[in-house]
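Asker: What follows is the file data37.cif, containing mmCIF, C-alpha atoms and all ligand atoms:
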data_my_file
loop_
_atom_site.label_atom_id
_atom_site.label_comp_id
_atom_site.auth_asym_id
_atom_site.auth_seq_id
_atom_site.Cartn_x
_atom_site.Cartn_y
_atom_site.Cartn_z
CA MET X 19 82.02 61.61 -22.76
CA SER X 20 79.33 59.16 -21.74
CA ILE X 21 81.35 57.23 -19.19
CA VAL X 22 81.56 57.21 -15.43
CA ASP X 23 84.85 58.01 -13.69
CA VAL X 24 84.60 55.39 -10.95
CA HIS X 25 87.42 56.33 -8.55
CA ASN X 26 88.13 59.73 -6.96
CA HIS X 27 89.16 61.01 -3.54
CA LEU X 28 88.14 64.00 -1.43
CA GLY X 29 90.09 66.13 0.99
CA GLY X 30 88.93 65.59 4.56
CA TRP X 31 88.08 61.95 3.85
CA SER X 32 91.30 60.65 2.25
CA PRO X 33 94.46 61.85 4.04
CA ASP X 34 96.34 62.20 0.73
CA ALA X 35 93.63 64.13 -1.13
CA GLY X 36 93.01 67.84 -1.44
CA GLN X 37 89.95 68.49 -3.56
CA THR X 38 86.45 69.42 -2.51
CA LEU X 39 83.31 67.77 -3.82
CA GLU X 40 82.44 71.02 -5.61
CA GLU X 41 85.78 70.98 -7.44
CA LEU X 42 85.32 67.34 -8.44
CA LEU X 43 81.77 67.86 -9.67
CA SER X 44 82.66 71.00 -11.58
CA LYS X 45 85.45 69.15 -13.44
CA ALA X 46 83.05 66.30 -14.23
CA LEU X 47 80.55 68.82 -15.58
CA GLU X 48 83.22 70.57 -17.66
CA LEU X 49 84.12 67.20 -19.23
CA ASN X 50 80.45 66.28 -19.60
CA LEU X 51 81.06 62.93 -17.92
CA HIS X 52 78.12 60.61 -17.58
CA GLY X 53 78.96 60.33 -13.92
CA VAL X 54 81.60 60.55 -11.26
CA ALA X 55 82.10 58.62 -8.03
CA ILE X 56 83.83 59.32 -4.76
CA SER X 57 85.80 56.40 -3.37
CA ASP X 58 87.81 57.38 -0.34
CA HIS X 59 90.47 55.23 1.28
CA TYR X 60 89.45 52.51 3.70
CA ASP X 61 92.84 50.98 4.59
CA ALA X 62 91.96 49.39 7.88
CA ASP X 63 94.98 47.23 8.76
CA VAL X 64 96.60 49.08 11.68
CA ASP X 65 99.77 47.01 11.33
CA CYS X 66 100.49 48.70 7.98
CA TYR X 67 100.80 52.03 9.78
CA PRO X 68 103.82 52.76 12.01
CA ASN X 69 101.71 55.02 14.20
CA GLU X 70 98.75 52.61 14.11
CA ASP X 71 96.58 55.32 12.62
CA PRO X 72 94.92 53.64 9.63
CA TRP X 73 93.34 55.47 6.72
CA VAL X 74 89.70 54.84 7.46
CA PHE X 75 86.63 57.02 7.70
CA ASP X 76 83.29 56.77 9.43
CA ALA X 77 80.97 55.25 6.84
CA LYS X 78 77.85 56.52 8.58
CA LYS X 79 79.18 60.08 8.47
CA TYR X 80 80.13 59.57 4.82
CA MET X 81 76.59 58.57 3.98
CA ASP X 82 75.18 61.45 6.03
CA ALA X 83 77.37 63.86 4.09
CA PHE X 84 76.84 62.51 0.56
CA TYR X 85 73.99 60.04 0.17
CA ASP X 86 71.35 62.69 -0.53
CA LEU X 87 73.50 64.07 -3.36
CA ARG X 88 73.49 60.74 -5.21
CA ARG X 89 72.31 60.96 -8.83
CA LEU X 90 72.14 57.78 -10.86
CA PRO X 91 73.89 58.00 -14.24
CA SER X 92 71.38 55.50 -15.63
CA ARG X 93 68.55 57.96 -14.97
CA ARG X 94 70.39 60.89 -16.48
CA LYS X 95 68.44 62.89 -19.06
CA PRO X 96 69.91 65.17 -21.72
CA GLY X 97 71.03 68.41 -20.09
CA ASP X 98 71.31 66.88 -16.62
CA PRO X 99 74.58 67.28 -14.74
CA PRO X 100 76.79 64.18 -14.43
CA GLY X 101 75.59 61.42 -12.16
CA PHE X 102 77.15 61.08 -8.71
CA LEU X 103 77.87 57.78 -6.98
CA ILE X 104 79.32 56.71 -3.65
CA SER X 105 82.02 54.09 -3.65
CA VAL X 106 84.91 53.16 -1.39
CA GLU X 107 88.50 52.12 -2.06
CA LEU X 108 89.08 49.06 0.11
CA GLY X 109 92.73 48.57 0.99
CA TRP X 110 93.01 44.81 1.39
CA THR X 111 95.17 42.69 3.61
CA GLU X 112 94.07 39.30 4.81
CA ALA X 113 93.66 40.62 8.35
CA VAL X 114 90.87 43.02 7.37
CA THR X 115 88.86 40.75 5.08
CA ASP X 116 85.90 40.47 7.45
CA GLU X 117 85.96 44.17 8.27
CA LEU X 118 85.83 45.11 4.58
CA ARG X 119 83.06 42.62 3.81
CA ASN X 120 81.03 43.94 6.75
CA LEU X 121 81.61 47.53 5.61
CA LEU X 122 80.10 46.73 2.20
CA HIS X 123 77.30 44.72 3.74
CA ASP X 124 76.31 47.33 6.32
CA ASN X 125 76.46 50.51 4.19
CA PRO X 126 74.79 51.53 0.92
CA PHE X 127 77.94 52.03 -1.14
CA ASP X 128 77.24 51.73 -4.86
CA TYR X 129 80.27 49.41 -5.10
CA GLY X 130 83.62 48.69 -3.55
CA ILE X 131 86.99 49.00 -5.31
CA LEU X 132 89.56 46.49 -4.06
CA SER X 133 93.11 47.75 -3.86
CA VAL X 134 96.39 46.32 -2.62
CA HIS X 135 98.60 49.08 -1.23
CA TYR X 136 101.03 47.00 0.87
CA LEU X 137 103.31 44.03 0.40
CA ASP X 138 103.85 42.18 3.68
CA ARG X 139 102.62 45.37 5.35
CA ASN X 140 105.41 47.38 3.73
CA ASP X 141 104.53 50.54 1.85
CA PRO X 142 106.01 50.63 -1.68
CA PHE X 143 106.58 54.37 -1.41
CA TYR X 144 108.18 54.54 2.04
CA ASP X 145 109.70 51.04 2.35
CA LYS X 146 111.21 50.53 -1.10
CA GLN X 147 114.11 48.46 0.32
CA GLU X 148 111.70 45.92 1.77
CA VAL X 149 109.25 45.84 -1.13
CA TYR X 150 111.55 45.80 -4.15
CA GLN X 151 114.17 43.29 -3.01
CA GLU X 152 113.76 40.86 -5.88
CA SER X 153 113.51 41.15 -9.66
CA LEU X 154 110.50 43.03 -10.99
CA SER X 155 109.08 39.72 -12.21
CA ASP X 156 109.32 38.19 -8.75
CA THR X 157 107.90 41.24 -7.01
CA TYR X 158 105.06 41.68 -9.49
CA THR X 159 104.21 37.98 -9.33
CA ARG X 160 103.83 38.28 -5.56
CA VAL X 161 101.77 41.44 -5.94
CA ILE X 162 99.38 40.06 -8.55
CA ASN X 163 98.89 36.92 -6.49
CA ILE X 164 97.92 39.13 -3.55
CA VAL X 165 95.53 41.06 -5.80
CA ALA X 166 94.06 37.67 -6.77
CA ASP X 167 93.82 36.73 -3.07
CA SER X 168 91.94 39.97 -2.42
CA ALA X 169 89.50 39.33 -5.27
CA GLU X 170 88.86 35.85 -3.89
CA ALA X 171 88.51 37.02 -0.29
CA VAL X 172 86.08 39.88 -0.96
CA PRO X 173 83.93 38.63 -3.86
CA GLU X 174 81.33 41.34 -3.26
CA ALA X 175 83.81 44.08 -4.17
CA ARG X 176 83.01 44.76 -7.81
CA ILE X 177 86.04 46.58 -9.21
CA ILE X 178 89.70 45.57 -8.98
CA GLY X 179 91.67 48.79 -8.54
CA HIS X 180 95.07 49.65 -10.00
CA TYR X 181 96.58 46.16 -10.46
CA ASP X 182 99.70 48.10 -11.52
CA PHE X 183 100.04 50.26 -8.37
CA PHE X 184 103.44 48.80 -7.48
CA SER X 185 104.89 49.84 -10.86
CA ARG X 186 104.62 53.48 -9.73
CA TYR X 187 107.25 53.21 -7.01
CA ALA X 188 109.80 50.58 -8.10
CA THR X 189 113.38 51.80 -8.04
CA GLU X 190 113.92 50.85 -11.70
CA ASN X 191 113.03 53.52 -14.22
CA ARG X 192 111.49 51.05 -16.65
CA SER X 193 109.07 49.75 -14.08
CA LYS X 194 105.87 49.37 -16.11
CA MET X 195 104.09 46.12 -15.30
CA PHE X 196 103.76 43.64 -18.16
CA TYR X 197 101.85 40.39 -18.49
CA TRP X 198 105.13 38.54 -19.02
CA HIS X 199 106.26 39.59 -15.54
CA ALA X 200 103.60 37.39 -13.94
CA PRO X 201 101.62 35.34 -16.48
CA ASP X 202 100.36 32.65 -14.11
CA ALA X 203 99.37 35.17 -11.45
CA PHE X 204 97.49 37.31 -13.98
CA ASP X 205 95.68 34.22 -15.28
CA ARG X 206 94.72 33.27 -11.75
CA LEU X 207 93.47 36.80 -11.02
CA PHE X 208 91.40 37.05 -14.20
CA ARG X 209 89.82 33.63 -13.65
CA ILE X 210 88.76 34.61 -10.12
CA MET X 211 87.41 37.94 -11.38
CA HIS X 212 85.39 36.26 -14.10
CA GLU X 213 83.95 33.83 -11.57
CA ASN X 214 82.99 36.70 -9.24
CA GLY X 215 81.80 39.15 -11.91
CA GLN X 216 84.53 41.63 -10.98
CA ILE X 217 85.72 44.28 -13.39
CA LEU X 218 89.20 45.55 -14.11
CA GLU X 219 89.91 49.21 -13.57
CA ILE X 220 92.22 51.18 -15.83
CA ASN X 221 93.87 53.62 -13.46
CA ALA X 222 94.98 56.87 -15.08
CA GLY X 223 96.89 57.70 -11.89
CA THR X 224 99.38 54.96 -12.74
CA ILE X 225 99.68 56.16 -16.35
CA ASP X 226 100.24 59.72 -15.15
CA SER X 227 102.78 58.58 -12.55
CA LEU X 228 104.82 56.59 -15.10
CA MET X 229 104.91 59.63 -17.37
CA ARG X 230 105.79 62.17 -14.68
CA ASN X 231 108.15 60.14 -12.51
CA LYS X 232 109.66 57.56 -14.85
CA GLY X 233 109.93 59.43 -18.13
CA TYR X 234 107.55 57.23 -20.09
CA SER X 235 105.81 58.59 -23.17
CA LEU X 236 102.01 58.43 -23.05
CA LYS X 237 102.01 55.58 -25.54
CA ASP X 238 104.43 53.54 -23.45
CA ALA X 239 102.75 54.40 -20.15
CA LEU X 240 99.35 52.97 -21.15
CA PRO X 241 98.61 49.52 -19.65
CA ASP X 242 100.30 46.55 -21.30
CA LYS X 243 98.19 45.30 -24.19
CA ASP X 244 98.93 41.70 -23.26
CA VAL X 245 97.45 42.22 -19.79
CA LEU X 246 94.25 43.55 -21.34
CA ARG X 247 94.21 40.91 -24.07
CA ARG X 248 94.50 38.13 -21.52
CA TYR X 249 91.79 39.70 -19.34
CA ARG X 250 89.55 39.62 -22.40
CA GLU X 251 90.47 36.05 -23.32
CA LEU X 252 89.54 34.92 -19.82
CA GLY X 253 86.08 36.48 -20.04
CA GLY X 254 86.66 40.15 -19.20
CA ARG X 255 84.31 42.21 -21.32
CA PHE X 256 84.02 45.41 -19.27
CA LEU X 257 86.55 47.91 -18.10
CA ALA X 258 86.10 50.72 -15.57
CA PHE X 259 87.79 54.08 -16.03
CA ALA X 260 89.45 55.55 -12.94
CA SER X 261 91.23 58.86 -12.88
CA ASP X 262 91.99 58.24 -9.16
CA ALA X 263 91.87 62.02 -8.76
CA HIS X 264 93.15 63.38 -5.46
CA TYR X 265 93.33 67.03 -6.48
CA LYS X 266 91.19 69.35 -8.56
CA THR X 267 91.59 69.10 -12.34
CA GLN X 268 92.70 65.42 -12.09
CA CYS X 269 89.20 64.05 -12.61
CA GLY X 270 88.98 62.60 -16.11
CA ARG X 271 92.75 62.86 -16.64
CA LEU X 272 94.06 60.98 -19.69
CA MET X 273 90.56 59.71 -20.35
CA ARG X 274 90.45 60.14 -24.11
CA PRO X 275 93.75 58.46 -24.96
CA THR X 276 92.96 55.68 -22.49
CA LEU X 277 89.55 55.03 -24.04
CA ALA X 278 90.97 55.18 -27.57
CA TYR X 279 93.72 52.74 -26.65
CA ALA X 280 91.28 50.31 -25.04
CA ALA X 281 89.01 50.57 -28.08
CA SER X 282 91.94 49.61 -30.30
CA LEU X 283 92.17 46.40 -28.25
CA GLY X 284 88.45 45.71 -28.62
CA PHE X 285 87.09 47.22 -25.38
CA ARG X 286 84.11 49.52 -25.84
CA ASP X 287 81.97 48.75 -22.79
CA TRP X 288 82.79 50.97 -19.79
CA ALA X 289 81.18 49.89 -16.56
CA TRP X 290 80.14 51.21 -13.18
CA PHE X 291 77.73 49.97 -10.53
CA GLU X 292 74.63 51.55 -9.03
CA ALA X 293 73.65 49.96 -5.71
CA ASP X 294 75.69 46.94 -6.80
CA GLU X 295 73.96 46.64 -10.20
CA LEU X 296 76.23 46.55 -13.25
CA ARG X 297 75.67 49.40 -15.71
CA PHE X 298 77.71 50.27 -18.73
CA THR X 299 77.92 52.47 -21.76
CA ARG X 300 79.10 51.21 -25.10
CA LEU X 301 81.24 53.75 -26.88
CA GLN X 302 80.50 53.93 -30.59
CA THR X 303 83.29 56.36 -31.23
CA VAL X 304 86.10 57.58 -29.04
ZN ZN X 401 94.84 53.15 -4.30
ZN ZN X 402 92.58 55.77 -5.07
#
Starting from the coordinates I provided, produce the structure as structure tokens.
Ligand SMILES: [Zn+2]
Ligand SMILES: [Zn+2]
Answerer:
Amino acid sequence: MSIVDVHNHLGGWSPDAGQTLEELLSKALELNLHGVAISDHYDADVDCYPNEDPWVFDAKKYMDAFYDLRRLPSRRKPGDPPGFLISVELGWTEAVTDELRNLLHDNPFDYGILSVHYLDRNDPFYDKQEVYQESLSDTYTRVINIVADSAEAVPEARIIGHYDFFSRYATENRSKMFYWHAPDAFDRLFRIMHENGQILEINAGTIDSLMRNKGYSLKDALPDKDVLRRYRELGGRFLAFASDAHYKTQCGRLMRPTLAYAASLGFRDWAWFEADELRFTRLQTV
């Protein structure tokens, strides 16, 4: 498959991950991906962590460990192994805006992925009572407005990660996020993204989570078509595929059905960034 899986985590760098680089690369090779990226957590807001031990890593050490292994997908020749890129998943709260912007400015990441993992510094997994107090529409409207705030605050981050993260942990079983939950917030987000040249990620981790934990069928777990349709109407041409793999064998998960579904909605251009430059492959067939 000639696409790049833009979002994956490694044990030792992300506290919730358990795969080695060798395991990730061997799965990417098995799937004949065009490329794969590592994007470990950089959740810097200490106030989100009860023990004030945020999920950050030393970017200099990261580059020392991985930069020499970088292989650009755009320079890949037939028979070459998949490309390898270095990204970072930026956990945004307003308090860390400058820190995240400086991190991208000061280090040669290929691109940053912006993610919102907290609502008012509450964790949707551990603090469900605090996070899911209101209707899903009200909660998701707040969340998508925060995602929009993040996109506005860190315009140099090129990919907007898992907009639907909070649908994984809601107490309701039918918790999938739909456009109708938050139409104005989605419109605001997509307008900001278009202005900034930011690309929407389809996160297979959310699809997988809805299937495993909420009993959704694959068809029903795929992202809401109206979200993607509206993204397109407001200028979104590219998508990025993210397996958000934390463990071996998760790289490339649900890729084919996700790509086929997106193609049915008119999306064929799958993007990634190399040293901040947009690259993409156009799928002729899926
Ligand atoms: Zn995340
Ligand atoms: Zn992630």
Asker: When distances are computed from all atoms listed in the file, which of X:Gln151, X:Thr159, X:Asn140, X:Ser193 shows the smallest separation from X:Lys232?
Answerer: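 Result for the nearest residue to X:Lys232: X:Ser193.
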Asker: So, with all atoms listed in the file as the atoms that count, which of X:Trp198, X:Phe102, X:Phe75, X:Tyr249 lies closest to X:Leu283?
Answerer: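 The closest residue to X:Leu283 is X:Tyr249.
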Asker: Dump the neighbourhood of ligand ZN 402 (chain X) as JSON, numbers by chain: all residues within 10 Å, distances computed on all atoms listed in the file.
Answerer: {"X": [24, 25, 26, 27, 32, 34, 35, 56, 57, 58, 59, 60, 106, 107, 108, 109, 131, 132, 133, 135, 179, 180, 183, 221, 223, 260, 261, 262, 263, 264]}
Asker: Return the single residue from X:Val134, X:Ala83, X:Ala200, X:Ala258 that is closest to X:Ala62, with distances computed using only C-alpha atoms.
Answerer: X:Val134
Asker: Measuring between all atoms listed in the file, which one of X:Asp138, X:Asp61, X:Asp205, X:Asp167 shows the shortest distance to ligand ZN 401 (chain X)?
Answerer: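 Checking each of X:Asp138, X:Asp61, X:Asp205, X:Asp167 against ligand ZN 401 (chain X), counting all atoms listed in the file, the winner is X:Asp61.
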Asker: Could you check which of X:Ile104, X:Leu207, X:Arg160, X:Tyr197 is closest to X:Tyr80, using all atoms listed in the file?
Answerer: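 Going through X:Ile104, X:Leu207, X:Arg160, X:Tyr197 one by one, the smallest distance to X:Tyr80 is for X:Ile104.
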Asker: Figure out the distance between atom CA of X:Met81 and atom CA of X:Pro126, please, to one decimal in Å.
Answerer: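 Atom-to-atom, atom CA of X:Pro126 to atom CA of X:Met81, that is 7.9 Å.
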Asker: Would you compute the distance between atom CA of X:Arg271 and atom CA of X:Thr157? Give it in Å to one decimal.
Answerer: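 Computed distance, atom CA of X:Arg271 to atom CA of X:Thr157, equals 28.1 Å.
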Asker: Give the answer as one residue: which of X:Ala188, X:Ile225, X:Ile178, X:Met211 has the shortest atom-to-atom distance to ligand ZN 401 (chain X), using all atoms listed in the file?
Answerer: X:Ile178
Asker: For the point (83.9, 69.0, -2.0) in the file's frame, write as a list in words all residues with an atom no more than 10 Å away, counting all atoms listed in the file.
Answerer: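 Nearby residues: His27, Leu28, Gly29, Gly30, Gly36, Gln37, Thr38, Leu39, Glu40, Glu41, Leu42, Leu43, Ser44, Phe84 and Lys266 of chain X.
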Asker: Quick one: pull the distance between atom CA of X:Ile164 and atom CA of X:Val245, Å, one decimal.
Answerer: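 Those two atoms sit 16.5 Å apart.
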Asker: What lies within 10 Å of X:Gln216 using all atoms listed in the file, ignoring chain neighbours under 4 positions off, as a list in words?
Answerer: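 So the residues in contact are Ile131, Leu132, Ala169, Pro173, Glu174, Ala175, Arg176, Ile177, Ile178, Phe208, Arg209, Ile210, Met211, His212, Gly254, Phe256, Leu257 and Leu296 of chain X.
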Asker: With all atoms listed in the file counted, which protein, DNA or RNA residues have an atom no more than 10 Å from (99.2, 47.4, 10.2) in the file frame? Please answer as number ranges by chain.
Answerer: X: 61-72, 111, 113-114, 136, 138-140
Asker: Could you take the residues named above and write them with C-alpha atoms, as a PDB file, keeping the file's coordinate frame?
Answerer:
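The result, stored in again_19.pdb:
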ATOM      1  CA  ASP X  61      92.840  50.980   4.590  1.00  0.00           C
ATOM      2  CA  ALA X  62      91.960  49.390   7.880  1.00  0.00           C
ATOM      3  CA  ASP X  63      94.980  47.230   8.760  1.00  0.00           C
ATOM      4  CA  VAL X  64      96.600  49.080  11.680  1.00  0.00           C
ATOM      5  CA  ASP X  65      99.770  47.010  11.330  1.00  0.00           C
ATOM      6  CA  CYS X  66     100.490  48.700   7.980  1.00  0.00           C
ATOM      7  CA  TYR X  67     100.800  52.030   9.780  1.00  0.00           C
ATOM      8  CA  PRO X  68     103.820  52.760  12.010  1.00  0.00           C
ATOM      9  CA  ASN X  69     101.710  55.020  14.200  1.00  0.00           C
ATOM     10  CA  GLU X  70      98.750  52.610  14.110  1.00  0.00           C
ATOM     11  CA  ASP X  71      96.580  55.320  12.620  1.00  0.00           C
ATOM     12  CA  PRO X  72      94.920  53.640   9.630  1.00  0.00           C
ATOM     13  CA  THR X 111      95.170  42.690   3.610  1.00  0.00           C
ATOM     14  CA  ALA X 113      93.660  40.620   8.350  1.00  0.00           C
ATOM     15  CA  VAL X 114      90.870  43.020   7.370  1.00  0.00           C
ATOM     16  CA  TYR X 136     101.030  47.000   0.870  1.00  0.00           C
ATOM     17  CA  ASP X 138     103.850  42.180   3.680  1.00  0.00           C
ATOM     18  CA  ARG X 139     102.620  45.370   5.350  1.00  0.00           C
ATOM     19  CA  ASN X 140     105.410  47.380   3.730  1.00  0.00           C
TER      20      ASN X 140
END
